[in-house]
Amino acid sequence: MTTETKTPVKKKSRSVGEVLKNMTRHQLFIPVAALVLLVLFNLIADPSFFAVSLKENSLGNPVLSGNIISVLDNASELVLLAIGMTLVTASSGGQDISVGAAMAIAGSVIIRLVCGGRVSVDTMQTSLILAVLAGIGVSMLFGAFNGVLVAYLKIQPMVATLILFTAGRSIAAWINNNQLPIVNDQVFKYAGTFIPGIPIPTPVFITILVILAFWLALKFTNLGLYTQSVGINANASRLNGLDPKMIKLLTYVILGACVAVAGFIRVSRSGSINYSRIAENIEMDAILAVALGGNALGGGKFNIYGSILGAYVIQFLTTTLFKYNVPSTALPAYKAVVIILLVVLSAPVVREKMSHIKKSSKRAKEVA
């Protein structure tokens, strides 16, 4: 009887330990843990942080307002970039640092067509759909340019994309003759703000549609499998009939499309464009989102949903810091400290060390 009652208890404790161990080893553990910590901090410091209310915006339309809504809204562009950056990182083992400049180019093309070359317009001079498609097409071409440098000329990704990072904003300004066009048509601003009658920010819906499109692509095509295969071992992939160069090029083109949609949202928010400030430093946040998602920056296996979660964690952190009146100039320093800690904790070497310490302490207890 005694052995029968003790055995289940041992099995139960062992299973709980295994569950916890598997949780810490899961790729999404770090971003989920970071999100939980941010939620707990705000709950303790100020529970009103999570308050959501219905207010009227400047046009008199009822819209949802609150910090959580701001996180979901403002993270939209970063989520789109993180999705494309994940594929590029997985296939090429490097990162594209030109996404902010490319957003400026895509936004400038869209603004140029919508304004018809004028400095200010009250009604759009070109079909919005046509303007957005043109912006996507141009951005994909620049993505292909980066992809050719990386895949066919075998230039290290950060060095290759440094070209567009340096010249991109100047190209964006040249497209509009160094002018700052203004679109006063409210229809143009719907994509970056609210559609009348719908209280949820439009960028949230656009982000959901893009995530759904990638979910379908990864589920019903071999895009994910081929990308991971090339990132893990390009030579082996070639021997199995794949074209690593074409797959790398494809991921950069896909990133270009994501960049264009993000650029459209950004210019739609204000109805204008500032070439030097639009999407400033967003490329660093996109790379950090990929790293926070547990993806190896050296390429190979990836989890695109981890990158999406990482993007929301970064925006949650940003909103939290603004909530407590952290100066915008100091914001990057605070973010850097927190993100470095999270990335270091997610590093395989650190995890192995922590696992070794746990095993050593467990053996010491058994000996004692």
# chains A, B, ... in the order shown; residues from 1 in each chain; ligands from 1

$ select_by_dssp --residues "range 92-269 of chain A" --states "strand (DSSP E)" --output "MDAnalysis selection string"
chainID A and resid 120:121 182:183

$ residues_around --residues "Leu223 in chain A" --least-positions-apart "3" --cutoff "12 Å" --atoms "only C-alpha atoms" --output "number ranges by chain"
A: 87-88, 90-91, 214-220, 226-230, 242, 246-248, 250-251, 254, 302

$ residues_around --residues "range 167-178 of chain A" --least-positions-apart "5" --cutoff "9 Å" --atoms "only C-alpha atoms" --output "VMD selection string"
chain A and resid 98 100 to 109 111 to 112 117 to 119 162 274 to 276

$ residues_around --residues "Leu54 in chain A" --least-positions-apart "4" --cutoff "9 Å" --atoms "only C-alpha atoms" --output "ChimeraX atom specification"
/A:62-66,199

$ residues_around --residues "range 290-297 of chain A" --least-positions-apart "3" --cutoff "9 Å" --atoms "only C-alpha atoms" --output "PyMOL selection string"
chain A and resi 26-31+82-83+85-86+89-90+93-95+285-287+300-311+313-314+339+342-343+346-347

$ write_last_selection --atoms "C-alpha atoms" --output "PDB file, in the first residue's frame"
ATOM      1  CA  HIS A  26      10.402  26.275 -26.355  1.00  0.00           C
ATOM      2  CA  GLN A  27      11.293  28.843 -28.999  1.00  0.00           C
ATOM      3  CA  LEU A  28       8.489  31.177 -27.909  1.00  0.00           C
ATOM      4  CA  PHE A  29       9.388  31.087 -24.214  1.00  0.00           C
ATOM      5  CA  ILE A  30      11.469  34.300 -24.239  1.00  0.00           C
ATOM      6  CA  PRO A  31       8.941  36.563 -26.043  1.00  0.00           C
ATOM      7  CA  ALA A  82       9.387  41.327 -38.962  1.00  0.00           C
ATOM      8  CA  ILE A  83       7.538  38.800 -41.139  1.00  0.00           C
ATOM      9  CA  MET A  85      12.824  39.958 -42.220  1.00  0.00           C
ATOM     10  CA  THR A  86      12.307  36.471 -40.769  1.00  0.00           C
ATOM     11  CA  THR A  89      17.238  35.947 -42.183  1.00  0.00           C
ATOM     12  CA  ALA A  90      16.307  32.284 -42.494  1.00  0.00           C
ATOM     13  CA  GLY A  93      21.769  34.089 -42.693  1.00  0.00           C
ATOM     14  CA  GLY A  94      21.840  37.904 -42.620  1.00  0.00           C
ATOM     15  CA  GLN A  95      19.591  40.902 -42.172  1.00  0.00           C
ATOM     16  CA  ASP A 285      13.481  46.977 -34.191  1.00  0.00           C
ATOM     17  CA  ALA A 286      12.647  44.550 -37.008  1.00  0.00           C
ATOM     18  CA  ILE A 287      15.904  42.646 -36.469  1.00  0.00           C
ATOM     19  CA  GLY A 300      17.983  28.118 -40.943  1.00  0.00           C
ATOM     20  CA  LYS A 301      14.921  27.037 -38.990  1.00  0.00           C
ATOM     21  CA  PHE A 302      12.509  29.851 -38.187  1.00  0.00           C
ATOM     22  CA  ASN A 303       9.230  30.593 -36.445  1.00  0.00           C
ATOM     23  CA  ILE A 304       7.458  33.476 -38.110  1.00  0.00           C
ATOM     24  CA  TYR A 305       4.880  33.694 -35.328  1.00  0.00           C
ATOM     25  CA  GLY A 306       7.694  34.182 -32.822  1.00  0.00           C
ATOM     26  CA  SER A 307       8.836  37.229 -34.807  1.00  0.00           C
ATOM     27  CA  ILE A 308       5.278  38.592 -34.840  1.00  0.00           C
ATOM     28  CA  LEU A 309       5.069  38.189 -31.079  1.00  0.00           C
ATOM     29  CA  GLY A 310       8.512  39.778 -30.731  1.00  0.00           C
ATOM     30  CA  ALA A 311       7.302  42.827 -32.662  1.00  0.00           C
ATOM     31  CA  VAL A 313       6.635  42.884 -27.285  1.00  0.00           C
ATOM     32  CA  ILE A 314       8.887  45.677 -28.584  1.00  0.00           C
ATOM     33  CA  ILE A 339      16.347  43.742 -25.419  1.00  0.00           C
ATOM     34  CA  LEU A 342      16.309  39.116 -23.437  1.00  0.00           C
ATOM     35  CA  VAL A 343      18.482  38.203 -26.408  1.00  0.00           C
ATOM     36  CA  SER A 346      17.748  33.300 -25.355  1.00  0.00           C
ATOM     37  CA  ALA A 347      21.279  32.517 -26.570  1.00  0.00           C
TER      38      ALA A 347
END

$ closest_residue --among "A:Ala51, A:Leu72, A:Ile340, A:Met140" --to "Val204 in chain A" --atoms "only C-alpha atoms"
A:Leu72

$ atom_distance --atom1 "CA of Ile211 in chain A" --atom2 "CA of Asn61 in chain A"
27.7 Å

$ closest_residue --among "A:Leu113, A:Val148, A:Leu40, A:Ala260" --to "Pro244 in chain A" --atoms "only C-alpha atoms"
A:Val148
